[in-house]
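Asks: One file is attached below, upload_23.tsv, containing TSV, C-alpha atoms and all ligand atoms.
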```tsv
chain	number	residue	atom	x	y	z
A	11	MET	CA	-8.93	-11.64	26.54
A	12	PRO	CA	-6.30	-10.74	23.87
A	13	GLU	CA	-7.23	-7.89	21.54
A	14	SER	CA	-8.43	-8.93	18.08
A	15	PRO	CA	-5.74	-8.62	15.36
A	16	ASP	CA	-8.38	-6.66	13.40
A	17	ALA	CA	-8.58	-3.96	16.08
A	18	PHE	CA	-5.52	-2.13	14.72
A	19	ALA	CA	-5.83	1.26	13.04
A	20	ILE	CA	-3.16	3.52	11.62
A	21	GLU	CA	-2.84	6.56	13.89
A	22	PRO	CA	-0.58	9.57	13.30
A	23	SER	CA	2.95	8.96	14.60
A	24	PRO	CA	4.54	11.23	17.27
A	25	SER	CA	5.68	13.54	14.44
A	26	GLY	CA	2.20	13.47	12.85
A	27	ARG	CA	3.01	11.10	9.99
A	28	LEU	CA	0.80	8.26	8.76
A	29	LEU	CA	3.10	5.24	8.68
A	30	CYS	CA	2.84	1.53	7.95
A	31	GLY	CA	3.49	-0.99	10.74
A	32	GLY	CA	7.13	-1.46	9.69
A	33	CYS	CA	7.96	2.25	9.73
A	34	ALA	CA	5.89	3.39	12.71
A	35	PRO	CA	8.56	2.40	15.30
A	36	HIS	CA	11.06	4.56	13.36
A	37	ASP	CA	8.67	7.56	13.14
A	38	SER	CA	9.77	8.03	9.53
A	39	CYS	CA	8.88	6.50	6.17
A	40	ARG	CA	11.79	4.35	5.03
A	41	LEU	CA	10.50	4.53	1.45
A	42	GLY	CA	11.04	8.32	1.52
A	43	VAL	CA	7.36	9.35	1.23
A	44	GLU	CA	6.05	12.58	2.82
A	45	ILE	CA	2.60	14.14	2.46
A	46	ALA	CA	2.98	17.59	0.86
A	47	ASP	CA	-0.65	18.65	0.49
A	48	ALA	CA	-3.95	16.90	1.21
A	49	GLN	CA	-7.39	17.71	-0.13
A	50	ASP	CA	-10.60	15.68	0.15
A	51	ASP	CA	-10.06	13.12	-2.58
A	52	LYS	CA	-6.46	13.76	-3.59
A	53	VAL	CA	-3.11	13.96	-1.88
A	54	ARG	CA	0.22	15.23	-3.19
A	55	PHE	CA	3.39	13.63	-1.89
A	56	ASP	CA	7.06	14.59	-1.94
A	57	VAL	CA	9.10	11.46	-2.47
A	58	ILE	CA	12.84	10.76	-2.57
A	59	CYS	CA	14.18	7.29	-3.26
A	60	PRO	CA	16.75	6.42	-0.57
A	61	PRO	CA	19.95	4.90	-2.05
A	62	LEU	CA	19.10	1.66	-0.23
A	63	TRP	CA	16.37	1.08	-2.83
A	64	HIS	CA	18.48	1.40	-5.97
A	65	GLY	CA	18.14	-1.33	-8.57
A	66	GLY	CA	20.30	-0.45	-11.58
A	67	PRO	CA	23.19	1.95	-10.92
A	68	GLY	CA	21.76	5.12	-9.42
A	69	VAL	CA	18.16	4.33	-10.33
A	70	ALA	CA	15.24	3.26	-8.20
A	71	HIS	CA	14.23	-0.40	-8.01
A	72	GLY	CA	10.84	-1.08	-9.58
A	73	GLY	CA	9.74	-2.68	-6.33
A	74	TRP	CA	10.39	0.62	-4.56
A	75	LYS	CA	8.04	2.36	-6.99
A	76	ALA	CA	5.43	-0.33	-6.40
A	77	ALA	CA	5.73	0.03	-2.62
A	78	VAL	CA	5.50	3.83	-2.91
A	79	PHE	CA	2.33	3.57	-4.97
A	80	ASP	CA	0.84	1.04	-2.55
A	81	ASP	CA	1.56	3.40	0.34
A	82	VAL	CA	0.20	6.57	-1.29
A	83	PHE	CA	-2.94	4.79	-2.47
A	84	SER	CA	-3.58	3.68	1.08
A	85	VAL	CA	-2.95	7.14	2.47
A	86	VAL	CA	-5.41	8.89	0.15
A	87	ALA	CA	-8.19	6.40	0.94
A	88	LEU	CA	-7.30	5.96	4.63
A	89	ARG	CA	-8.26	9.57	5.18
A	90	VAL	CA	-11.83	8.39	4.50
A	91	GLU	CA	-11.79	4.72	5.52
A	92	PRO	CA	-9.31	3.31	8.09
A	93	ARG	CA	-9.82	-0.39	7.25
A	94	LEU	CA	-8.38	-1.00	3.80
A	95	VAL	CA	-6.58	-3.70	1.87
A	96	THR	CA	-5.03	-3.69	-1.61
A	97	LYS	CA	-6.78	-6.01	-4.08
A	98	SER	CA	-4.78	-5.19	-7.22
A	99	LEU	CA	-2.02	-2.85	-8.28
A	100	SER	CA	-1.05	-1.95	-11.86
A	101	ILE	CA	2.01	0.13	-12.73
A	102	SER	CA	3.40	1.48	-16.00
A	103	TYR	CA	7.13	2.08	-15.69
A	104	LEU	CA	7.76	4.81	-18.26
A	105	ARG	CA	11.18	6.25	-17.33
A	106	PRO	CA	13.87	5.46	-14.73
A	107	VAL	CA	13.80	7.41	-11.48
A	108	PRO	CA	17.20	8.45	-10.07
A	109	VAL	CA	17.79	7.82	-6.38
A	110	GLU	CA	18.05	10.83	-4.09
A	111	ARG	CA	16.17	13.11	-6.52
A	112	PRO	CA	12.86	14.64	-5.40
A	113	VAL	CA	9.84	13.37	-7.28
A	114	GLU	CA	6.19	14.24	-6.79
A	115	VAL	CA	3.31	11.81	-6.62
A	116	LEU	CA	-0.31	12.90	-6.95
A	117	ALA	CA	-2.87	10.29	-5.91
A	118	ARG	CA	-6.62	10.66	-6.31
A	119	ILE	CA	-9.73	8.64	-5.52
A	120	ASP	CA	-11.42	7.96	-8.86
A	121	ARG	CA	-14.33	5.94	-7.55
A	122	HIS	CA	-15.69	4.73	-4.22
A	123	ALA	CA	-18.84	2.66	-3.83
A	124	GLY	CA	-19.51	0.38	-0.87
A	125	ARG	CA	-16.36	-1.67	-0.13
A	126	GLN	CA	-14.87	-0.92	-3.54
A	127	TRP	CA	-12.30	1.77	-4.25
A	128	LYS	CA	-10.44	2.77	-7.40
A	129	VAL	CA	-7.45	5.07	-6.91
A	130	SER	CA	-4.83	6.26	-9.39
A	131	ALA	CA	-1.59	8.23	-9.25
A	132	ASP	CA	1.09	9.87	-11.38
A	133	MET	CA	4.76	10.19	-10.46
A	134	THR	CA	6.43	13.27	-11.91
A	135	LEU	CA	10.07	14.33	-12.09
A	136	ALA	CA	11.15	17.63	-13.63
A	137	GLY	CA	8.04	17.78	-15.81
A	138	MET	CA	8.33	14.15	-16.94
A	139	VAL	CA	6.11	11.27	-15.87
A	140	PRO	CA	8.32	8.27	-15.04
A	141	ALA	CA	5.46	6.11	-13.74
A	142	ILE	CA	1.70	5.93	-13.46
A	143	ALA	CA	-0.35	3.45	-11.47
A	144	ARG	CA	-3.83	2.47	-10.47
A	145	THR	CA	-5.22	0.23	-7.80
A	146	GLU	CA	-8.32	-1.45	-6.53
A	147	LEU	CA	-8.74	-1.31	-2.76
A	148	ARG	CA	-11.31	-3.01	-0.61
A	149	THR	CA	-12.68	-2.00	2.74
A	150	ARG	CA	-11.56	-4.87	4.97
A	151	HIS	CA	-14.08	-7.36	6.22
A	152	PRO	CA	-14.36	-7.09	10.03
A	153	HIS	CA	-12.35	-10.30	10.58
A	154	HIS	CA	-9.90	-9.97	7.67
A	155	VAL	CA	-6.67	-10.38	9.64
A	156	ALA	CA	-8.00	-13.10	11.92
A	157	ARG	CA	-9.19	-15.08	8.89
A	158	HIS	CA	-5.78	-14.72	7.23
A	159	GLU	CA	-4.06	-15.92	10.39
A	160	ALA	CA	-6.30	-18.99	10.52
A	161	TRP	CA	-6.16	-19.77	6.79
A	162	PRO	CA	-2.51	-21.00	6.37
A	163	ALA	CA	-2.87	-23.26	9.42
A	164	ARG	CA	-5.61	-25.16	7.58
A	165	GLN	CA	-3.51	-25.81	4.46
A	166	PRO	CA	-1.98	-29.32	4.02
A	167	MET	CA	1.83	-29.59	4.02
A	168	SER	CA	3.54	-30.43	0.67
A	169	HIS	CA	6.39	-32.99	0.26
A	170	ASN	CA	9.11	-30.37	0.76
A	171	GLY	CA	7.58	-29.21	4.02
A	172	SER	CA	5.98	-26.07	2.64
A	173	ARG	CA	2.25	-25.65	2.75
A	174	ALA	CA	0.46	-26.45	-0.51
A	175	GLU	CA	-1.90	-23.94	-2.09
A	176	SER	CA	-5.56	-24.84	-2.23
B	1	LIG	C1	-1.39	5.67	5.87
B	1	LIG	C2	-0.25	4.94	6.24
B	1	LIG	C3	0.73	4.78	5.22
B	1	LIG	C4	0.90	3.50	4.77
B	1	LIG	C5	0.02	2.52	5.37
B	1	LIG	C6	-0.41	1.52	4.48
B	1	LIG	C7	0.53	0.40	4.40
B	1	LIG	C8	0.81	-0.03	3.02
B	1	LIG	C9	-0.33	-0.57	2.24
B	1	LIG	C10	-1.19	-1.61	2.83
B	1	LIG	C11	-2.13	-2.15	1.89
B	1	LIG	C12	-1.67	-3.48	1.47
B	1	LIG	O1	-0.70	-3.66	0.80
B	1	LIG	S1	-2.60	-4.78	2.03
B	1	LIG	C13	-1.62	-6.19	1.67
B	1	LIG	C14	-1.76	-6.68	0.24
B	1	LIG	N1	-3.11	-7.17	-0.03
B	1	LIG	C15	-3.56	-8.34	0.45
B	1	LIG	O2	-2.87	-9.08	1.15
B	1	LIG	C16	-4.98	-8.70	0.12
B	1	LIG	C17	-5.15	-10.21	-0.06
B	1	LIG	N2	-6.47	-10.49	-0.72
B	1	LIG	C18	-7.61	-10.61	0.01
B	1	LIG	O3	-7.60	-10.57	1.25
B	1	LIG	C19	-8.89	-10.81	-0.73
B	1	LIG	O4	-8.59	-11.30	-2.03
B	1	LIG	C20	-9.74	-9.54	-0.86
B	1	LIG	C21	-10.18	-9.05	0.54
B	1	LIG	C22	-8.96	-8.39	-1.55
B	1	LIG	C23	-10.97	-9.93	-1.67
B	1	LIG	O5	-11.89	-8.91	-1.68
B	1	LIG	P1	-13.15	-8.99	-2.66
B	1	LIG	O6	-12.68	-8.97	-4.07
B	1	LIG	O7	-14.08	-7.92	-2.24
B	1	LIG	O8	-13.75	-10.43	-2.46
B	1	LIG	P2	-14.49	-11.12	-1.24
B	1	LIG	O9	-15.85	-11.48	-1.70
B	1	LIG	O10	-14.36	-10.32	-0.01
B	1	LIG	O11	-13.57	-12.44	-1.06
B	1	LIG	C24	-13.22	-13.28	-2.17
B	1	LIG	C25	-12.80	-14.62	-1.64
B	1	LIG	O12	-11.69	-14.47	-0.72
B	1	LIG	C26	-12.08	-14.93	0.56
B	1	LIG	N3	-11.49	-14.06	1.55
B	1	LIG	C27	-11.72	-12.73	1.67
B	1	LIG	N4	-11.04	-12.22	2.69
B	1	LIG	C28	-10.36	-13.25	3.26
B	1	LIG	C29	-9.50	-13.37	4.37
B	1	LIG	N5	-9.18	-12.33	5.14
B	1	LIG	N6	-8.97	-14.59	4.65
B	1	LIG	C30	-9.28	-15.67	3.93
B	1	LIG	N7	-10.11	-15.59	2.87
B	1	LIG	C31	-10.66	-14.43	2.53
B	1	LIG	C32	-13.60	-14.91	0.56
B	1	LIG	O13	-14.13	-15.86	1.48
B	1	LIG	C33	-13.92	-15.29	-0.85
B	1	LIG	O14	-13.76	-16.68	-1.00
B	1	LIG	P3	-14.68	-17.53	-2.01
B	1	LIG	O15	-16.09	-17.25	-1.60
B	1	LIG	O16	-14.36	-17.02	-3.38
B	1	LIG	O17	-14.23	-18.94	-1.79
```
Would you write out, as structure tokens, the structure that this file holds?
Replies:
Amino acid sequence: MPESPDAFAIEPSPSGRLLCGGCAPHDSCRLGVEIADAQDDKVRFDVICPPLWHGGPGVAHGGWKAAVFDDVFSVVALRVEPRLVTKSLSISYLRPVPVERPVEVLARIDRHAGRQWKVSADMTLAGMVPAIARTELRTRHPHHVARHEAWPARQPMSHNGSRAES
């Protein structure tokens, strides 16, 4: 019988990194995120924006910052709970971040009760805070991925061939 799509768990890579499914085959984080120091409910990260992710000239794309925050939030909570999903993500973009310049991100669990998690983080660069963010995570239901795989197949097709929302 095929293994359930919900059976997956993020394991350390050959070099000991925690990586998303897209980066695991490369054994490196393509967003430029590395764990610098981990304590129980907070983790500090060294982060460098690869030039690939520039938006304006020489500065990081806002989507890169969002992906970095999504990753670090997962890492800090995954150390406690391996089955997580992001419910919401809120970012304040306060200053531009240059590409290829080291920045630090400190993420901390603010609250955890049952399936509900609140996690926040600051990005700092040379004593400035170019971005702050907070998230709500949920512990995944046991059949989260299988339900998501089944859900689009049930949606009716729209006139242009795409599936309509319901
Ligand atoms: C460390 C390595 C580094 C990096 C490793 C980490 C990698 C990077 C980060 C990964 C983290 C992500 O980005 S995860 C990807 C982004 N996030 C998502 O795709 C989440 C999509 N949203 C959801 O699945 C849902 O909204 C939830 C689970 C968040 C809702 O949770 P909740 O608020 O507790 O509500 P809940 O009662 O469970 O469900 C609300 C309604 O949604 C329905 N529902 C819930 N789950 C599902 C489901 N799977 N499929 C269909 N429907 C669902 C329920 O039946 C209900 O319908 P009704 O009763 O109201 O009708």
Asks: Kindly work out which residues sit at most 7 Å from ligand LIG 1 (chain B), using only C-alpha atoms and all ligand atoms, and give the list as a list in words.
Replies: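 Using only C-alpha atoms and all ligand atoms, everything at most 7 Å from ligand LIG 1 (chain B) comes to Ile20, Leu28, Leu29, Cys30, Asp80, Asp81, Val82, Ser84, Val85, Leu88, Leu94, Val95, Thr96, Lys97, Arg125, Arg148, Arg150, His151, His153, His154, Val155, Ala156, Arg157, His158 and Trp161 of chain A.
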Asks: Given only C-alpha atoms as the basis, pick out the residue of A:Ala17, A:Leu104, A:Ala160, A:Val109 nearest to A:Leu62.
Replies: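 Ranking A:Ala17, A:Leu104, A:Ala160, A:Val109 by distance to A:Leu62, first place goes to A:Val109.
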Asks: Let me make sure I understand: among A:Gln49, A:Ala77, A:Val86, A:Pro24, which one has the smallest atom-to-atom distance to A:Asp37 if we use all atoms listed in the file?
Replies: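 Among A:Gln49, A:Ala77, A:Val86, A:Pro24, it is A:Pro24 that comes nearest to A:Asp37.
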Asks: Emit as JSON the padded axis-aligned box for all listed atoms of stretch 82-91 of chain A, 5 Å per side, with centre and edge lengths in Å to one decimal.
Replies:
```
{"center_x": -5.8, "center_y": 6.6, "center_z": 1.5, "size_x": 22.0, "size_y": 15.9, "size_z": 18.0}
```
Asks: What does the distance from atom CA of A:Met133 to atom CA of A:Val113 come to in Å, to one decimal?
Replies: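 Straight-line distance from atom CA of A:Met133 to atom CA of A:Val113 works out to 6.8 Å.
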Asks: What's the 8 Å shell around stretch 130-132 of chain A, counting all atoms listed in the file, without same-chain residues fewer than 6 positions away, as a CSV table (one decimal) with C-alpha atoms, keeping the file's coordinate frame?
Replies:
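Here's the written file result_19.csv:
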```csv
chain,number,residue,atom,x,y,z
A,79,PHE,CA,2.3,3.6,-5.0
A,83,PHE,CA,-2.9,4.8,-2.5
A,115,VAL,CA,3.3,11.8,-6.6
A,116,LEU,CA,-0.3,12.9,-7.0
A,117,ALA,CA,-2.9,10.3,-5.9
A,118,ARG,CA,-6.6,10.7,-6.3
A,119,ILE,CA,-9.7,8.6,-5.5
A,120,ASP,CA,-11.4,8.0,-8.9
A,139,VAL,CA,6.1,11.3,-15.9
A,141,ALA,CA,5.5,6.1,-13.7
A,142,ILE,CA,1.7,5.9,-13.5
A,143,ALA,CA,-0.4,3.4,-11.5
A,144,ARG,CA,-3.8,2.5,-10.5
A,145,THR,CA,-5.2,0.2,-7.8
```
Asks: Closest to A:Val90 among A:Lys75, A:Glu44, A:Asp51, A:Val129, using only C-alpha atoms?
Replies: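 Closest candidate: A:Asp51.
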Asks: Excluding same-chain residues fewer than 6 positions from A:Gly31, what lies within 12 Å of it counting all atoms listed in the file, as a list in words?
Replies: Phe18, Ala19, Ile20, Glu21, Pro22, Ser23, Asp37, Ser38, Cys39, Arg40 and Asp81 of chain A
Asks: To one decimal place, how far is atom CA of A:Arg89 from atom CA of A:Asp50 in Å?
Replies: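 Value for the atom CA of A:Arg89-atom CA of A:Asp50 distance: 8.3 Å.
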Asks: Please compute the atom CA of A:Glu159-atom CA of A:Leu99 distance, one decimal, in Å.
Replies: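 The value is 22.9 Å.
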Asks: Residues near A:Gly65, anyone? I mean within 10 Å using all atoms listed in the file, not counting same-chain ones fewer than 5 positions away, as a PyMOL selection string.
Replies: chain A and resi 70-74+108-109
